[in-house]
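Novice: Handing you a structure now.
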Amino acid sequence: MMKDSDMHNLTLAEIARNLAEKHFSAEELTRTLLARIEQLDPQLNAFISVTDELALAQAKAADARRAAGENGALLGAPIGHKDLFCTQGIRTSCGSKILDNFNAPYDATVVERLAAAGTVTLGKLNMDEFAMGSANESSYYGAVKNPWDLTRVPGGSSGGSAAAIAARLLPAATGTDTGGSIRQPAALTNLTGLKPTYGRVSRWGMVAYASSLDQGGPMARTAEDCALLLSAMAGFDAKDSTSVDQPLDDYLAALSQPLAGLRIGLPKEYFGAGLDPKIADAVMASVEELKKLGATVKEISLPNMQHAIPSYYVIAPAEASSNLSRFDGVRFGYRCENPADLTDLYKRSRAEGFGDEVKRRIMVGTYALSAGYYDAYYLKAQKIRRLIKQDFVAAFEQVDVILGPTTPNLAWKLGEKNADPVSAYLEDIYTITANLAGIPGLSMPAGFIDGLPVGVQLLAPYFQEARLLNVAHQYQQVTDWHMRAPAGF
Amino acid sequence: MQWETVIGLEIHAQLATQSKIFSGSATTFGAEPNTQASLVDLGMPGTLPVLNAEAVRMACKFGLAIDAEIAPKNVFARKNYFYPDLPKGYQTSQMDHPIVGKGYLDITLEDGSTRRIGITRAHLEEDAGKSLHEDFHGMSGIDLNRAGTPLLEIVSEPDIRSAKEAVAYVKAMHSLVRYLGICDGNMAEGSLRCDCNVSVRPKGQTEFGTRAEIKNVNSFRFIEKAINHEVQRQIELIEDGGKVVQETRLYDPNKDETRSMRSKEEANDYRYFPCPDLLPVVIEQSFLDEVRASLPELPVQKRERFEREFGLSAYDADVLAASRELADYFEQVNATCDDAKLAANWVMGELSSLLNKEALEIEQSPVSAEQLGGMILRIKDDTISGKIAKMVFEAMAAGEGSADEIIEKKGLKQVTDSGAIESMLDEVLAANAEQVEQYRASDEAKRGKMFGFFVGQAMKASKGKANPGQVNQLLKKKLEG
Amino acid sequence: MALERTEVEKIAHLARLGLSEADLPRTTETLNNILGLIDRMQAVDTTGIEPLAHPLETTQRLRADAVTESNQRDAYQTIAPAVEEGLYLVPRVIE
């Protein structure tokens, strides 16, 4: 019998083995982690809702299924969901006051698929309001703290998922990535996080921020766990018109492929001004490890990368301004007290329900789409979007994967970038191109600087998630950065 | 001053699909509030649209029927504005890339002349819900059952020059969409709605005057009245030195006037952009070929065929072809009796007045096309006269059976046996010996008048059953002796 | 292109976001900073480049025309702020 004190350190893959060998039950594991969440989460604020009743019911059901002979890799696996995946009858807040009372009337496809695979939902995880942010400080439920340094941000917007996994409150969670919201917090908290190809994971039931950029994906400590989770999350969904009807690769089988002959491209634009030189060193060290595994390296260029931020900060807010119009206080969500008339109902419900960053982006998007500015902003941004895609298409003719830093800086101090939204936007520089182009991207742990984690980002051509997981897994076989735990957790 | 009226119409036709354009909710009219509003229709967070194939097919059918180009790639866009009957805060519509491009519709006016009205475009979009203004403690109630019902918005060129033409256009459009089976055309239920853009200009001027848009006019009669009223209002306004303001107006049928809709006054900025939840819709040529092959004969084609094949007048052909059901009925009658003129006369005459009187649709006719055709056969073979036929028709309408059964049962068979007619005539002449004397003493002109008297007496004596032709012939012989 | 206060008010109205007089200067300044960042885009030569709306450039899938939804009004309205007789209530709509 494994001690309770060890269970929380297990990865999903290890949990699967232990459950299969009956070292403990899903229920025991669930109770242990729920207790740990209760004990430690107050320091982090990673959870918006802890769903203990649901978790115990799912755990018992998983144990029963196992007793009946089932043996799925995720049967009884404890996870959490970013609080923008709709969960039936459970609050789905999106980190916003406007949805504080929103008990979703249905399950997201991702939630449904993971539940069918037997996962146990421990709770709903904190996030930047409507996934808008890269510090997890814009949540109505308060900032999330980085387990590696409680005075620092965990990154965002999937900051609750990142902090909870890094602190070993749970082994894996779902996240979403619109401009880096899986990869950036993964980098800042020493996790592996994957943003799949646009259309690989269904968006049904995932509250939209920017529909043409949003993509759900797995976050965990290891690439292997991401592969396990992705295998259950991904796949065609008829309810999402942008879902891609293409068979899934065998992500687990692909993990063990040797890297000999792998062509890695290092974009020179990723190593220019603005990058913390210590991060550059850590990234280059990871390149050396991959070379030892047989990879070859080539410098490439993604000349339009610098234009990605302005383009993104038009497209995402434009889509958001429209997506968030449904929050009007009529059918669900927050409604202001005693509206004087219809306009007052709209204006006050939305002004009181949305936080500052959300309001800012709605206004930027509204402006960018308004008469007379559409061509100069929205259309221009979409043209740049094509240039960025073309950069990648050209680069992938020469290399198999692109490697670089996930973030230009380490986790910053809470509150440090609050006064100036633009400075926070610039943190997305390395991640948003993948969203604009729709290609898959992964961040993996690659060392520490002054006790803070550094992430390396890998990008691959469309639908080559298996390749990304393979490279990260092989790297994780020869390094142990991803196994390190923050002190006190 | 002489004024010219310029009208362009926007017709919203609800497509007759089973389910909504972007969700699997039913589109049935008249359901309890919000019982046909799914997660998607309610704009619940995280929900996504998936396009209904039938809505696309119906739009293509329409496009082919008006001889328009179907865009090989059409794109849905979001039209952003806040309104309680618009759950997502945007209407999913089409802006720069509509599914149906330029086409036309030929209309027939009352004098039998035709005009070609240009159609600028037709695009797919979702309908909004309904605001109910009954008093809920000073609040309005929102019913989203209609939200997401597929609409085809058909925009005409400003080619229409009078209220009568506008009505003819809407009638022709109504007829067309019903022929195509893409809209039930029920204007009272809002299945077909019309916005009228109306302006006036001095005759001879080429540039358009400022237009006002009259929203949601929901009957042929109201279209005519609303436009006439609006034209009069604009002319009076201008002649009094005023200016027409570009605005949205609402027609009030109770007061027979249009009034400004202040709530829609606010300058709108709809911020159209391509809907990121939907991808471009690609229409393959093979699909269009298949749709084209499935098109029924259209009103115009049918009208022409009725004239050509059956020798009907333009007017008769137009009336009979206006509705597919009426045309089908007529053709069925004709198929039974093989006499298009008689069939047309009976369908447009006795049958139409019967249906009007009973407020029935042709599909509900108490006299089937086979029955009517069967009756006409009996007229043709001299079993009954036209006069008797009216009695037979009434009996058929009353459900008394087929023409043959009624003729048999009531003994209405025409007497054609000349022996029997002769003996009947002999009796009539004997009973009116005095008149016979007078007749024989009269000149040709007077005789003509008197002859009618004898015919009337003879028909009366035979209870209308004697063959009128034979009566005439034999009577003449006997009188002139 | 720097926004004036009146433009910010107009945008806030279009977006139906209540904005207090006190918030206006700060909001205007922040929006102008963001627009400053965005305007860097204008320097990029995009002549002859087609806009890209969807990363994968695939086409719309069509759904068969079938009714798949049933009445769930009671469940959906439990989370509504104000309903009566099955209707969602809003301050009176004037036409």
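Each chain in the structure tokens gets a letter, A, B, ..., in the order shown, and its residues are numbered from 1; ligands are numbered from 1 in order too.
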Please report as a CSV table (one decimal) with all heavy atoms, in the first residue's frame which residues of chain B come no farther than 9 Å from chain A, using only C-alpha atoms.
Specialist:
```csv
chain,number,residue,atom,x,y,z
B,39,LEU,N,-29.9,25.2,-26.6
B,39,LEU,CA,-28.7,25.9,-26.1
B,39,LEU,C,-28.2,26.9,-27.1
B,39,LEU,O,-27.8,28.0,-26.8
B,39,LEU,CB,-27.6,24.8,-25.7
B,39,LEU,CG,-28.0,23.9,-24.6
B,39,LEU,CD1,-27.0,22.8,-24.5
B,39,LEU,CD2,-28.0,24.6,-23.2
B,42,LEU,N,-30.4,29.9,-27.7
B,42,LEU,CA,-30.4,30.8,-26.5
B,42,LEU,C,-29.1,31.5,-26.4
B,42,LEU,O,-28.9,32.4,-25.5
B,42,LEU,CB,-30.6,30.0,-25.2
B,42,LEU,CG,-32.0,29.4,-25.1
B,42,LEU,CD1,-32.0,28.4,-23.9
B,42,LEU,CD2,-33.1,30.4,-24.9
B,43,GLY,N,-28.1,31.2,-27.3
B,43,GLY,CA,-26.8,31.8,-27.2
B,43,GLY,C,-26.1,31.5,-25.9
B,43,GLY,O,-25.3,32.3,-25.4
B,44,MET,N,-26.2,30.2,-25.4
B,44,MET,CA,-25.5,29.8,-24.2
B,44,MET,C,-24.0,29.9,-24.4
B,44,MET,O,-23.6,29.5,-25.5
B,44,MET,CB,-25.9,28.4,-23.8
B,44,MET,CG,-27.3,28.3,-23.2
B,44,MET,SD,-27.3,29.0,-21.5
B,44,MET,CE,-29.1,28.9,-21.1
B,45,PRO,N,-23.3,30.3,-23.4
B,45,PRO,CA,-21.8,30.3,-23.6
B,45,PRO,C,-21.3,29.0,-24.0
B,45,PRO,O,-21.7,27.9,-23.5
B,45,PRO,CB,-21.3,30.7,-22.2
B,45,PRO,CG,-22.5,31.3,-21.5
B,45,PRO,CD,-23.7,30.7,-22.1
B,46,GLY,N,-20.4,29.0,-25.0
B,46,GLY,CA,-19.7,27.8,-25.4
B,46,GLY,C,-20.4,27.0,-26.5
B,46,GLY,O,-19.9,26.0,-27.0
B,47,THR,N,-21.6,27.5,-26.9
B,47,THR,CA,-22.3,26.8,-28.0
B,47,THR,C,-21.9,27.2,-29.3
B,47,THR,O,-21.4,28.4,-29.5
B,47,THR,CB,-23.9,26.9,-27.8
B,47,THR,OG1,-24.2,28.3,-27.9
B,47,THR,CG2,-24.4,26.3,-26.5
B,48,LEU,N,-22.1,26.4,-30.3
B,48,LEU,CA,-21.6,26.7,-31.7
B,48,LEU,C,-22.6,26.3,-32.7
B,48,LEU,O,-23.4,25.4,-32.5
B,48,LEU,CB,-20.3,25.8,-31.9
B,48,LEU,CG,-19.1,26.2,-31.0
B,48,LEU,CD1,-18.0,25.1,-31.1
B,48,LEU,CD2,-18.5,27.5,-31.3
B,49,PRO,N,-22.6,27.0,-33.8
B,49,PRO,CA,-23.5,26.7,-34.9
B,49,PRO,C,-23.0,25.7,-35.9
B,49,PRO,O,-21.8,25.6,-36.2
B,49,PRO,CB,-23.6,28.1,-35.6
B,49,PRO,CG,-22.2,28.7,-35.4
B,49,PRO,CD,-21.7,28.2,-34.1
B,50,VAL,N,-23.9,24.9,-36.4
B,50,VAL,CA,-23.6,24.0,-37.5
B,50,VAL,C,-24.7,24.2,-38.6
B,50,VAL,O,-25.9,24.1,-38.3
B,50,VAL,CB,-23.5,22.5,-37.1
B,50,VAL,CG1,-23.0,21.7,-38.3
B,50,VAL,CG2,-22.5,22.3,-36.0
B,51,LEU,N,-24.3,24.4,-39.8
B,51,LEU,CA,-25.2,24.8,-40.8
B,51,LEU,C,-26.1,23.7,-41.4
B,51,LEU,O,-25.6,22.6,-41.6
B,51,LEU,CB,-24.4,25.5,-42.0
B,51,LEU,CG,-25.2,26.0,-43.2
B,51,LEU,CD1,-26.2,27.1,-42.7
B,51,LEU,CD2,-24.2,26.6,-44.2
B,78,ARG,N,-21.1,38.1,-39.1
B,78,ARG,CA,-21.9,38.5,-37.9
B,78,ARG,C,-22.3,40.0,-38.0
B,78,ARG,O,-21.5,40.8,-38.3
B,78,ARG,CB,-21.1,38.3,-36.6
B,78,ARG,CG,-20.9,36.9,-36.3
B,78,ARG,CD,-20.1,36.8,-35.0
B,78,ARG,NE,-19.8,35.4,-34.6
B,78,ARG,CZ,-19.1,35.1,-33.5
B,78,ARG,NH1,-18.7,36.1,-32.7
B,78,ARG,NH2,-18.8,33.9,-33.3
B,80,ASN,N,-23.6,42.8,-35.7
B,80,ASN,CA,-23.6,43.0,-34.3
B,80,ASN,C,-24.5,44.1,-33.8
B,80,ASN,O,-24.3,45.3,-34.3
B,80,ASN,CB,-22.2,43.3,-33.8
B,80,ASN,CG,-21.2,42.2,-34.0
B,80,ASN,OD1,-21.2,41.2,-33.2
B,80,ASN,ND2,-20.4,42.2,-35.0
B,81,TYR,N,-25.4,43.8,-33.0
B,81,TYR,CA,-26.2,44.8,-32.3
B,81,TYR,C,-27.0,44.2,-31.1
B,81,TYR,O,-27.2,43.0,-31.1
B,81,TYR,CB,-27.2,45.5,-33.3
B,81,TYR,CG,-28.3,44.6,-33.8
B,81,TYR,CD1,-29.6,44.6,-33.2
B,81,TYR,CD2,-28.1,43.8,-34.9
B,81,TYR,CE1,-30.6,43.8,-33.7
B,81,TYR,CE2,-29.1,43.0,-35.4
B,81,TYR,CZ,-30.3,43.0,-34.9
B,81,TYR,OH,-31.3,42.2,-35.4
B,82,PHE,N,-27.3,45.0,-30.2
B,82,PHE,CA,-28.0,44.5,-29.0
B,82,PHE,C,-29.5,44.7,-29.1
B,82,PHE,O,-29.9,45.8,-29.4
B,82,PHE,CB,-27.5,45.3,-27.7
B,82,PHE,CG,-26.1,44.9,-27.3
B,82,PHE,CD1,-25.0,45.5,-27.8
B,82,PHE,CD2,-25.9,43.9,-26.4
B,82,PHE,CE1,-23.7,45.1,-27.5
B,82,PHE,CE2,-24.6,43.5,-26.0
B,82,PHE,CZ,-23.5,44.1,-26.5
B,83,TYR,N,-30.2,43.6,-28.9
B,83,TYR,CA,-31.6,43.7,-28.8
B,83,TYR,C,-32.1,42.4,-28.1
B,83,TYR,O,-31.5,41.3,-28.3
B,83,TYR,CB,-32.2,43.7,-30.2
B,83,TYR,CG,-33.5,44.4,-30.3
B,83,TYR,CD1,-33.6,45.8,-30.0
B,83,TYR,CD2,-34.7,43.8,-30.6
B,83,TYR,CE1,-34.8,46.5,-30.1
B,83,TYR,CE2,-35.9,44.4,-30.6
B,83,TYR,CZ,-36.0,45.8,-30.4
B,83,TYR,OH,-37.2,46.4,-30.4
B,84,PRO,N,-33.1,42.5,-27.3
B,84,PRO,CA,-33.4,41.3,-26.4
B,84,PRO,C,-33.9,40.1,-27.2
B,84,PRO,O,-33.7,39.0,-26.8
B,84,PRO,CB,-34.6,41.8,-25.5
B,84,PRO,CG,-34.7,43.3,-25.7
B,84,PRO,CD,-33.9,43.7,-26.9
B,86,LEU,N,-32.4,39.1,-29.8
B,86,LEU,CA,-31.3,38.6,-30.5
B,86,LEU,C,-30.3,38.1,-29.5
B,86,LEU,O,-29.4,38.8,-29.0
B,86,LEU,CB,-30.6,39.8,-31.3
B,86,LEU,CG,-29.5,39.5,-32.3
B,86,LEU,CD1,-30.1,38.8,-33.5
B,86,LEU,CD2,-28.8,40.7,-32.7
B,87,PRO,N,-30.4,36.8,-29.2
B,87,PRO,CA,-29.7,36.2,-28.0
B,87,PRO,C,-28.2,36.4,-28.0
B,87,PRO,O,-27.6,36.5,-26.9
B,87,PRO,CB,-30.1,34.8,-28.0
B,87,PRO,CG,-31.1,34.6,-29.1
B,87,PRO,CD,-31.2,35.8,-29.9
B,88,LYS,N,-27.5,36.3,-29.1
B,88,LYS,CA,-26.1,36.3,-29.1
B,88,LYS,C,-25.5,37.7,-29.2
B,88,LYS,O,-24.3,37.9,-29.0
B,88,LYS,CB,-25.5,35.5,-30.2
B,88,LYS,CG,-25.9,34.0,-30.2
B,88,LYS,CD,-25.3,33.2,-31.3
B,88,LYS,CE,-25.7,33.6,-32.7
B,88,LYS,NZ,-27.1,33.3,-33.0
B,89,GLY,N,-26.4,38.7,-29.4
B,89,GLY,CA,-25.9,40.1,-29.6
B,89,GLY,C,-25.4,40.2,-31.0
B,89,GLY,O,-24.8,41.3,-31.3
B,90,TYR,N,-25.6,39.3,-31.8
B,90,TYR,CA,-25.3,39.4,-33.3
B,90,TYR,C,-26.2,38.5,-34.0
B,90,TYR,O,-26.6,37.4,-33.5
B,90,TYR,CB,-23.8,39.1,-33.6
B,90,TYR,CG,-23.3,37.8,-33.2
B,90,TYR,CD1,-23.5,36.6,-34.0
B,90,TYR,CD2,-22.6,37.6,-32.0
B,90,TYR,CE1,-23.0,35.4,-33.6
B,90,TYR,CE2,-22.1,36.4,-31.6
B,90,TYR,CZ,-22.3,35.3,-32.4
B,90,TYR,OH,-21.9,34.0,-32.0
B,269,ASP,N,-24.1,50.8,-36.1
B,269,ASP,CA,-22.8,50.5,-36.7
B,269,ASP,C,-22.7,49.0,-36.4
B,269,ASP,O,-22.4,48.6,-35.3
B,269,ASP,CB,-21.7,51.3,-36.0
B,269,ASP,CG,-20.4,51.0,-36.6
B,269,ASP,OD1,-20.2,50.0,-37.4
B,269,ASP,OD2,-19.4,51.7,-36.4
B,270,TYR,N,-23.1,48.2,-37.5
B,270,TYR,CA,-23.3,46.7,-37.2
B,270,TYR,C,-22.0,45.9,-37.1
B,270,TYR,O,-22.0,44.8,-36.8
B,270,TYR,CB,-24.2,46.1,-38.3
B,270,TYR,CG,-25.6,46.6,-38.2
B,270,TYR,CD1,-26.2,47.2,-39.3
B,270,TYR,CD2,-26.3,46.5,-37.1
B,270,TYR,CE1,-27.5,47.7,-39.2
B,270,TYR,CE2,-27.6,46.9,-37.0
B,270,TYR,CZ,-28.2,47.5,-38.1
B,270,TYR,OH,-29.5,47.9,-38.0
B,271,ARG,N,-20.9,46.5,-37.4
B,271,ARG,CA,-19.6,45.9,-37.3
B,271,ARG,C,-19.6,44.5,-37.9
B,271,ARG,O,-19.2,43.5,-37.2
B,271,ARG,CB,-19.2,45.9,-35.8
B,271,ARG,CG,-18.8,47.2,-35.3
B,271,ARG,CD,-18.9,47.3,-33.8
B,271,ARG,NE,-20.3,47.4,-33.3
B,271,ARG,CZ,-20.8,46.7,-32.3
B,271,ARG,NH1,-20.1,46.0,-31.6
B,271,ARG,NH2,-22.1,46.9,-32.0
B,272,TYR,N,-20.0,44.4,-39.1
B,272,TYR,CA,-20.0,43.1,-39.8
B,272,TYR,C,-18.5,42.5,-39.8
B,272,TYR,O,-17.6,43.3,-40.1
B,272,TYR,CB,-20.4,43.2,-41.2
B,272,TYR,CG,-21.9,43.3,-41.4
B,272,TYR,CD1,-22.6,44.5,-41.6
B,272,TYR,CD2,-22.7,42.1,-41.5
B,272,TYR,CE1,-23.9,44.6,-41.8
B,272,TYR,CE2,-24.0,42.2,-41.7
B,272,TYR,CZ,-24.7,43.4,-41.9
B,272,TYR,OH,-26.0,43.4,-42.1
B,273,PHE,N,-18.4,41.2,-39.6
B,273,PHE,CA,-17.1,40.6,-39.9
B,273,PHE,C,-17.4,39.1,-40.1
B,273,PHE,O,-18.4,38.6,-39.6
B,273,PHE,CB,-16.1,40.8,-38.8
B,273,PHE,CG,-16.3,40.1,-37.5
B,273,PHE,CD1,-15.4,39.0,-37.1
B,273,PHE,CD2,-17.3,40.4,-36.6
B,273,PHE,CE1,-15.6,38.3,-35.9
B,273,PHE,CE2,-17.5,39.7,-35.4
B,273,PHE,CZ,-16.6,38.7,-35.1
B,275,CYS,N,-18.0,35.4,-39.7
B,275,CYS,CA,-18.3,34.6,-38.4
B,275,CYS,C,-17.1,33.6,-38.2
B,275,CYS,O,-17.0,32.7,-39.1
B,275,CYS,CB,-19.6,33.9,-38.5
B,275,CYS,SG,-19.9,32.9,-37.0
B,276,PRO,N,-16.4,33.7,-37.1
B,276,PRO,CA,-15.3,32.8,-36.9
B,276,PRO,C,-15.7,31.4,-36.5
B,276,PRO,O,-14.9,30.4,-36.5
B,276,PRO,CB,-14.4,33.4,-35.8
B,276,PRO,CG,-15.4,34.3,-35.1
B,276,PRO,CD,-16.5,34.7,-36.1
B,277,ASP,N,-17.0,31.2,-36.2
B,277,ASP,CA,-17.5,29.9,-35.8
B,277,ASP,C,-18.0,29.1,-37.0
B,277,ASP,O,-18.3,27.9,-36.9
B,277,ASP,CB,-18.6,30.0,-34.8
B,277,ASP,CG,-18.1,30.4,-33.4
B,277,ASP,OD1,-17.0,30.0,-33.1
B,277,ASP,OD2,-18.8,31.0,-32.7
B,278,LEU,N,-18.0,29.7,-38.2
B,278,LEU,CA,-18.5,29.0,-39.4
B,278,LEU,C,-17.5,29.2,-40.5
B,278,LEU,O,-16.8,30.3,-40.6
B,278,LEU,CB,-19.8,29.7,-39.9
B,278,LEU,CG,-21.0,29.4,-39.0
B,278,LEU,CD1,-22.2,30.3,-39.2
B,278,LEU,CD2,-21.5,27.9,-39.1
B,279,LEU,N,-17.4,28.2,-41.3
B,279,LEU,CA,-16.4,28.3,-42.4
B,279,LEU,C,-17.1,28.6,-43.7
B,279,LEU,O,-18.3,28.5,-43.8
B,279,LEU,CB,-15.7,26.9,-42.5
B,279,LEU,CG,-15.0,26.5,-41.2
B,279,LEU,CD1,-14.7,25.0,-41.2
B,279,LEU,CD2,-13.7,27.2,-41.1
```
Novice: Leu87 (chain C): which residues within 12 Å, counting only C-alpha atoms, same-chain residues fewer than 6 positions away excluded, as a list in words?
Specialist: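 Once the nearby chain positions are removed, what remains is Val330 and Arg331 of chain A; Glu32, Pro33, Asn34, Thr35, Ala37, Pro84, Asp85, Gly129, Lys130, Ser131, Leu132, His133, Glu134, Phe136, Met139, Ser140, Gly141, Ile142, Asp143, Leu144 and Asn145 of chain B; Arg73, Asp74, Tyr76, Gln77, Ala80 and Pro81 of chain C.
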Novice: Write out as a list in words each polymer residue whose atoms come within 12 Å of Arg26 (chain C), counting only C-alpha atoms; drop sequence neighbours fewer than 3 positions from it.
Specialist: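 Once the adjacent positions are removed, what remains is Asp356, Arg360, Ala419 and Asp420 of chain A; Glu4, Arg5, Val8, Leu19, Ser20, Glu21, Ala22, Asp23, Glu29, Thr30, Leu31, Asn32 and Asn33 of chain C.
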Novice: Could you write those residues out with N, CA, C and O atoms, as a tab-separated table (two decimals), in the first residue's frame?
Specialist:
```tsv
chain	number	residue	atom	x	y	z
A	356	ASP	N	-11.87	44.96	-15.78
A	356	ASP	CA	-11.24	46.00	-16.61
A	356	ASP	C	-10.62	45.48	-17.90
A	356	ASP	O	-10.78	46.06	-18.96
A	360	ARG	N	-11.62	46.45	-21.65
A	360	ARG	CA	-10.65	47.05	-22.58
A	360	ARG	C	-10.65	46.31	-23.91
A	360	ARG	O	-10.69	46.91	-24.98
A	419	ALA	N	-0.23	47.93	-14.25
A	419	ALA	CA	-0.48	49.33	-14.60
A	419	ALA	C	-0.46	49.52	-16.11
A	419	ALA	O	-1.14	50.39	-16.65
A	420	ASP	N	0.30	48.68	-16.78
A	420	ASP	CA	0.49	48.89	-18.22
A	420	ASP	C	0.15	47.61	-18.99
A	420	ASP	O	0.99	46.72	-19.16
C	4	GLU	N	-10.41	60.31	-29.13
C	4	GLU	CA	-10.90	61.39	-28.27
C	4	GLU	C	-11.91	60.78	-27.29
C	4	GLU	O	-12.46	59.71	-27.54
C	5	ARG	N	-12.16	61.53	-26.25
C	5	ARG	CA	-13.13	61.08	-25.25
C	5	ARG	C	-14.49	60.73	-25.87
C	5	ARG	O	-15.10	59.73	-25.52
C	8	VAL	N	-14.44	57.42	-27.43
C	8	VAL	CA	-14.45	56.36	-26.42
C	8	VAL	C	-15.87	56.16	-25.90
C	8	VAL	O	-16.34	55.03	-25.74
C	19	LEU	N	-19.88	53.43	-18.64
C	19	LEU	CA	-18.56	54.02	-18.39
C	19	LEU	C	-18.81	55.28	-17.58
C	19	LEU	O	-19.56	56.16	-18.01
C	20	SER	N	-18.18	55.36	-16.41
C	20	SER	CA	-18.43	56.54	-15.59
C	20	SER	C	-17.53	57.69	-16.07
C	20	SER	O	-16.49	57.47	-16.69
C	21	GLU	N	-17.96	58.87	-15.77
C	21	GLU	CA	-17.21	60.08	-16.13
C	21	GLU	C	-15.78	59.97	-15.57
C	21	GLU	O	-14.80	60.30	-16.24
C	22	ALA	N	-15.70	59.42	-14.36
C	22	ALA	CA	-14.40	59.32	-13.70
C	22	ALA	C	-13.45	58.36	-14.42
C	22	ALA	O	-12.24	58.54	-14.43
C	23	ASP	N	-14.02	57.32	-15.04
C	23	ASP	CA	-13.20	56.30	-15.72
C	23	ASP	C	-12.69	56.78	-17.08
C	23	ASP	O	-11.73	56.23	-17.62
C	29	GLU	N	-6.82	56.84	-22.14
C	29	GLU	CA	-5.36	56.73	-22.21
C	29	GLU	C	-4.92	55.29	-22.48
C	29	GLU	O	-4.08	55.03	-23.35
C	30	THR	N	-5.50	54.35	-21.74
C	30	THR	CA	-5.12	52.94	-21.95
C	30	THR	C	-5.45	52.49	-23.37
C	30	THR	O	-4.64	51.83	-24.02
C	31	LEU	N	-6.63	52.86	-23.83
C	31	LEU	CA	-7.00	52.44	-25.19
C	31	LEU	C	-6.03	53.03	-26.20
C	31	LEU	O	-5.62	52.36	-27.15
C	32	ASN	N	-5.63	54.26	-25.99
C	32	ASN	CA	-4.68	54.87	-26.92
C	32	ASN	C	-3.32	54.18	-26.89
C	32	ASN	O	-2.67	54.04	-27.91
C	33	ASN	N	-2.90	53.74	-25.70
C	33	ASN	CA	-1.66	52.97	-25.62
C	33	ASN	C	-1.76	51.68	-26.42
C	33	ASN	O	-0.85	51.30	-27.16
```
Novice: Tell me, as a tab-separated table (two decimals) with all heavy atoms, in the first residue's frame, which residues lie within 12 Å of Gly48 (chain C), counting only C-alpha atoms; anything in the same chain fewer than 5 positions away does not count.
Specialist:
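So the final result, stored in out21.tsv, reads:
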```tsv
chain	number	residue	atom	x	y	z
A	380	LYS	N	-6.46	44.35	-42.18
A	380	LYS	CA	-5.00	44.41	-42.17
A	380	LYS	C	-4.44	43.29	-41.29
A	380	LYS	O	-3.49	42.60	-41.66
A	380	LYS	CB	-4.57	45.79	-41.63
A	380	LYS	CG	-3.09	46.03	-41.62
A	380	LYS	CD	-2.62	46.53	-42.97
A	380	LYS	CE	-1.12	46.77	-42.97
A	380	LYS	NZ	-0.66	47.17	-44.31
A	383	LYS	N	-4.52	40.01	-42.95
A	383	LYS	CA	-3.50	39.86	-44.00
A	383	LYS	C	-2.17	39.50	-43.36
A	383	LYS	O	-1.42	38.65	-43.87
A	383	LYS	CB	-3.39	41.16	-44.81
A	383	LYS	CG	-4.59	41.38	-45.71
A	383	LYS	CD	-4.52	42.72	-46.43
A	383	LYS	CE	-5.77	42.91	-47.28
A	383	LYS	NZ	-5.81	44.26	-47.87
A	384	ILE	N	-1.88	40.16	-42.26
A	384	ILE	CA	-0.64	39.83	-41.54
A	384	ILE	C	-0.70	38.39	-41.04
A	384	ILE	O	0.29	37.66	-41.05
A	384	ILE	CB	-0.41	40.83	-40.39
A	384	ILE	CG1	-0.09	42.20	-41.00
A	384	ILE	CG2	0.70	40.35	-39.45
A	384	ILE	CD1	0.04	43.31	-40.01
A	386	ARG	N	-2.01	35.96	-42.53
A	386	ARG	CA	-1.59	35.08	-43.63
A	386	ARG	C	-0.06	35.09	-43.80
A	386	ARG	O	0.55	34.04	-44.03
A	386	ARG	CB	-2.28	35.46	-44.94
A	386	ARG	CG	-1.92	34.50	-46.08
A	386	ARG	CD	-2.68	34.78	-47.36
A	386	ARG	NE	-4.12	34.62	-47.21
A	386	ARG	CZ	-4.75	33.44	-47.24
A	386	ARG	NH1	-4.06	32.32	-47.42
A	386	ARG	NH2	-6.06	33.38	-47.11
A	387	LEU	N	0.53	36.27	-43.64
A	387	LEU	CA	1.99	36.33	-43.76
A	387	LEU	C	2.66	35.43	-42.72
A	387	LEU	O	3.64	34.74	-43.00
A	387	LEU	CB	2.47	37.78	-43.57
A	387	LEU	CG	2.10	38.78	-44.68
A	387	LEU	CD1	2.56	40.18	-44.30
A	387	LEU	CD2	2.73	38.34	-46.01
```
Novice: Tell me which of C:Ala43, C:Leu24, C:Ile38, C:Ala15 sits closest to chain B, counting only C-alpha atoms.
Specialist: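 The closest residue to chain B is C:Ala15.
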Novice: Run DSSP on the backbone and grab whatever in region 7-188 of chain B lands in alpha helix (DSSP H); send it over as a ChimeraX atom specification.
Specialist: /B:53-65,163-180
Novice: Which residues, written as number ranges by chain, have at least one atom at most 8 Å from region 24-27 of chain B, with only C-alpha atoms counted and residues fewer than 3 positions away on the same chain left out?
Specialist: B: 17-20, 36-38, 145-146, 149; C: 65-70
